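Asker: Before we start, here is the structure in question, set down as structure tokens.
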Amino acid sequence: MTDTTTLQERVNDLIRPQQVHRDVYTSPEVYRLEMKHLFPNCWVYIGHESQTPNKGDYITAQIGDQPLLMVRHSNDEIYVMYNRCPHKGTKIVIDKAGNTGKFFRCPYHAWSFKTDGCLLAIPLKKGYEGTGLEDTEAAKGLAPVGDMKNYRGFIFARLATEGISFEDFFGESLSSLDNMVDRSPVGKLTVAGAPLRYMHKCNWKMLVENQTDTCHPMVAHESSAGTAVKIWEEMDKPEGTPTPPAMQIIAPFMSPYEFFENMGIRTWPNGHGHTGVHHSIHSDYSDIPGYYDAMVEAYGEERAQEILGENRHNTVYFPNIMIKGPIQQLRNFIPLGPDKTLVESWIFSLDGAPSELTARTAMYNRMINAPTSMVGHDDLEMYERAQEGLMSDGLEWVNIQRLYEDDEDFTETAELNGTTERQMRNQFDAWKRFMIGGAA
Amino acid sequence: MNREEVTDFIYDEAWMLDEGQFHEWLELWLPDAVYWMPLNWNQQDPINETSLLYEDNFMLRLRIERLAGARTFSQKPKSRCHHVLNRPRIVEISDDAAKVMTKMHYVETRLDEQQLLALTVTHDLKATDGGIKIAGKRVDILNCDAAFGNIQLLP
Ligand code: FES
Ligand SMILES: [Fe+2]
């Protein structure tokens, strides 16, 4: 893999219009190429500004296999930089979050850096006199990422110094993030508590694909959702008993194919897309007293209804996050190896809204996405079986052709039957282009 | 209740889980009791933050029914578990209630995998006509904030 021609050839060999080669999930070489080419060329989620509310607050993060840190500088701006000392490489911080005060101090030889990354001081500075240190990369301090953007509190970064702009990369797909934030009467979200952390022995793309796979819930989740529906029906309860929140959350997983066909899927350029154009598994949650009134007061009746009328199910932001607007949730699929992925599930509270909304979101998270849940087990079991099954030499290709149409144009927004695998094809179209350094 | 009854109860409960006697185990619970497993060390709020588990009687029943379901693929083949208990530490005790904390090692196995968790389990117990019952249970996993794979049974 020495020049772009061979990379391009390799990538083209792996992706066909209706199927993809198993190597995209299993090959260590392909994984290495993703780390080197795909992740640096895309805009990747780092964290939320509410995780670093005060000057000097930082969090650690990563894009692909690159260790990063995000910090709030003395001017209140957020900076994202490589978590790597320019002296001998030591990671500057290793905890998930903290406060560094006015500067970072490397724990090895005490080089120190301002919270915008600039080199502040070196012990025994005299030892560098006349050595030309000021002309080195090391003298510039902590290396910044190629570009970063704070979009309504969500921090994204691109590692490559040249490349597609934030706006061009996300385009219309930002409407899902907007809707999630607009659900706060003051247009502001705050991270609520620690994320669930769930280790998956499978390729990261299996998780991303599953977010718009609407033909699996009623099959894979029958053991949890189907059993819940059965127990609830068998229970001897008085007429008119309201459905408890737990049942509202789990029962829609057993909706029939027709429900998912009619919900619709929308795909956007650059691999983004969402399920639930018309309705979703979140549509029928009961009202929370006081919330609608607060929204009407903030936005007016018409706009409030418009915001709350969107019930998008899963929005995939290529390459590796998914958000659920109606319940303020974000899942980060962090690749750790060709067959290892860490899933972090974050929840947000809506500033200015009743806390019952956060409570419902927390319930959803622990019921569906926890390593101790009843629903997450089903998905992980399927991914791990797929990861092992793909080693079979009997077949080399993975089929993604449900509702395939000739001449699909991924540069345009499309709305389709909710059981299409077009969003997976859309992701692989983007995968191919960003792997070879491509823009929109 | 006395110290010996309380201690026996804690050991018997763990034994039931290890033997897979989940329906009998559920009968140890008072109807409005909650099983809480925090996600964070010293977590105080189970409602407005995520937990690993915060389940009422309905959810625990669902959990147990699910384990026996015909299409519970992640339990084909089934997991097994094993609790090893330290001597329970009785924090409070009266005729009709007790608070007990117990250090345990929990082992869960499935296929060729085995995982070990270190737990501190806090029981709130109540005396009833039908014997001692669980009024609340909190399980703190020593590395509660670590990234786990599936934890399928009940630590
Ligand atoms: S490695 Fe950081 S100061 Fe030497
Ligand atoms: Fe699923």
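Chain labels follow the order of the structure tokens: the first chain is A, the next B, and so on; residue numbering restarts at 1 in every chain, and ligands are counted from 1 in their shown order.
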Quick one: which residues from chain B are at most 9 Å off chain A, using only C-alpha atoms, as JSON, numbers by chain?

Answerer: {"B": [39, 40, 46, 47, 48, 49, 50, 51, 52, 53, 54, 58, 59, 61, 62, 63, 65, 66, 67, 68, 69, 70, 71, 72, 73, 74, 145, 146, 147, 148, 149, 150, 151, 152, 153, 154]}

Asker: Tell me, as JSON, numbers by chain, which residues lie within 8 Å of range 23-25 of chain B, counting only C-alpha atoms; anything in the same chain fewer than 4 positions away does not count.

Answerer: {"B": [13, 16, 17, 29, 64]}

Asker: Output C-alpha atoms for every residue in that selection, as a PDB file, in the first residue's frame.

Answerer:
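Dumped everything to out_26.pdb:
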```pdb
ATOM      1  CA  GLU B  13     -30.176 -16.158  48.365  1.00  0.00           C
ATOM      2  CA  MET B  16     -30.501 -19.946  44.816  1.00  0.00           C
ATOM      3  CA  LEU B  17     -28.988 -17.716  42.121  1.00  0.00           C
ATOM      4  CA  TRP B  29     -38.684 -10.036  47.171  1.00  0.00           C
ATOM      5  CA  ILE B  64     -36.175 -14.246  34.669  1.00  0.00           C
TER       6      ILE B  64
END
```

Asker: Do a neighbour search on Arg183 in chain A at 9 Å with only C-alpha atoms, toss out local chain neighbours closer than 4 positions, and write the hits as number ranges by chain.

Answerer: A: 178-179, 187-189, 295, 304, 307-308, 325-326, 328, 350, 353

Asker: Deliver the residues from the most recent selection as a file, using N, CA, C and O atoms, as a compact mmCIF listing (two decimals), in the first residue's frame.

Answerer:
```txt
# COMPACT_ATOMS: atom_id res chain seq x y z
N ASP A 178 -30.09 19.45 15.48
CA ASP A 178 -30.88 20.64 15.81
C ASP A 178 -32.14 20.25 16.58
O ASP A 178 -32.47 20.86 17.59
N ASN A 179 -32.82 19.22 16.07
CA ASN A 179 -34.07 18.83 16.73
C ASN A 179 -33.83 18.39 18.17
O ASN A 179 -34.60 18.71 19.07
N GLY A 187 -32.85 25.69 24.38
CA GLY A 187 -31.92 25.30 23.33
C GLY A 187 -30.57 24.84 23.82
O GLY A 187 -29.54 25.12 23.20
N LYS A 188 -30.56 24.13 24.95
CA LYS A 188 -29.29 23.74 25.56
C LYS A 188 -29.40 22.38 26.23
O LYS A 188 -30.36 22.11 26.95
N LEU A 189 -28.40 21.56 25.99
CA LEU A 189 -28.37 20.24 26.62
C LEU A 189 -27.21 20.16 27.61
O LEU A 189 -26.22 20.87 27.46
N MET A 295 -42.45 24.39 26.31
CA MET A 295 -42.03 24.49 24.91
C MET A 295 -42.84 25.56 24.17
O MET A 295 -42.28 26.34 23.38
N ALA A 304 -43.35 24.77 18.47
CA ALA A 304 -43.23 23.73 19.50
C ALA A 304 -43.76 22.40 18.97
O ALA A 304 -43.14 21.35 19.15
N ILE A 307 -41.32 20.92 16.45
CA ILE A 307 -40.15 20.30 17.09
C ILE A 307 -40.53 18.94 17.68
O ILE A 307 -39.87 17.93 17.46
N LEU A 308 -41.63 18.93 18.43
CA LEU A 308 -42.01 17.69 19.12
C LEU A 308 -42.62 16.67 18.17
O LEU A 308 -42.71 15.49 18.49
N GLY A 325 -32.80 11.77 18.86
CA GLY A 325 -33.31 13.09 19.22
C GLY A 325 -34.40 13.06 20.28
O GLY A 325 -34.32 13.78 21.28
N PRO A 326 -35.44 12.24 20.08
CA PRO A 326 -36.59 12.30 21.00
C PRO A 326 -36.26 11.92 22.43
O PRO A 326 -37.05 12.21 23.32
N GLN A 328 -32.84 12.37 23.64
CA GLN A 328 -31.55 13.00 23.96
C GLN A 328 -30.47 11.97 24.33
O GLN A 328 -29.97 11.96 25.45
N LEU A 350 -32.43 18.06 29.30
CA LEU A 350 -32.84 19.24 28.54
C LEU A 350 -32.90 20.41 29.50
O LEU A 350 -33.73 20.40 30.42
N ALA A 353 -36.33 22.03 31.12
CA ALA A 353 -37.45 21.08 30.97
C ALA A 353 -37.55 20.20 32.22
O ALA A 353 -36.57 20.06 32.96
```

Asker: Neighbouring residues of ligand 1 are defined here as those with any atom at most 7 Å from a ligand atom, counting only C-alpha atoms and all ligand atoms; list them as number ranges by chain.

Answerer: A: 85-90, 106-111

Asker: Using DSSP assignments from the backbone, pull out every residue in range 5-124 of chain B that falls under alpha helix (DSSP H) and give it to me as number ranges by chain.

Answerer: B: 5-18, 22-26, 57-67

Asker: Mind checking which residues fall within 8 Å of Asp56 in chain B, counting only C-alpha atoms, ignoring those fewer than 3 positions away in the same chain, and posting them as an mmCIF file with N, CA and C atoms, in the first residue's frame?

Answerer:
```
data_model
loop_
_atom_site.group_PDB
_atom_site.id
_atom_site.type_symbol
_atom_site.label_atom_id
_atom_site.label_comp_id
_atom_site.auth_asym_id
_atom_site.auth_seq_id
_atom_site.Cartn_x
_atom_site.Cartn_y
_atom_site.Cartn_z
ATOM 1 N N ASP B 32 -42.723 -4.159 46.189
ATOM 2 C CA ASP B 32 -42.251 -2.838 45.728
ATOM 3 C C ASP B 32 -40.742 -2.640 45.922
ATOM 4 N N ALA B 33 -40.026 -3.733 46.105
ATOM 5 C CA ALA B 33 -38.570 -3.626 46.278
ATOM 6 C C ALA B 33 -37.882 -3.391 44.936
ATOM 7 N N VAL B 34 -36.706 -2.749 44.985
ATOM 8 C CA VAL B 34 -35.953 -2.448 43.768
ATOM 9 C C VAL B 34 -34.535 -3.005 43.884
ATOM 10 N N TYR B 35 -34.065 -3.565 42.798
ATOM 11 C CA TYR B 35 -32.694 -4.073 42.693
ATOM 12 C C TYR B 35 -31.876 -3.017 41.954
ATOM 13 N N MET B 59 -39.812 -5.793 36.082
ATOM 14 C CA MET B 59 -38.597 -5.947 35.284
ATOM 15 C C MET B 59 -37.811 -7.203 35.698
ATOM 16 N N LEU B 60 -37.770 -7.470 36.995
ATOM 17 C CA LEU B 60 -37.049 -8.669 37.442
ATOM 18 C C LEU B 60 -37.754 -9.927 36.929
#
```

Asker: As a PyMOL selection string, list the residues of chain B assigned to strand (DSSP E) by DSSP on the backbone atoms of this structure.

Answerer: chain B and resi 35-37+53-55+80-85+89-93+97-110+113-128+131-141

Asker: Just give me the gap between CA of Leu416 in chain A and CA of Ile327 in chain A in Å, one decimal is fine.

Answerer: 23.6 Å
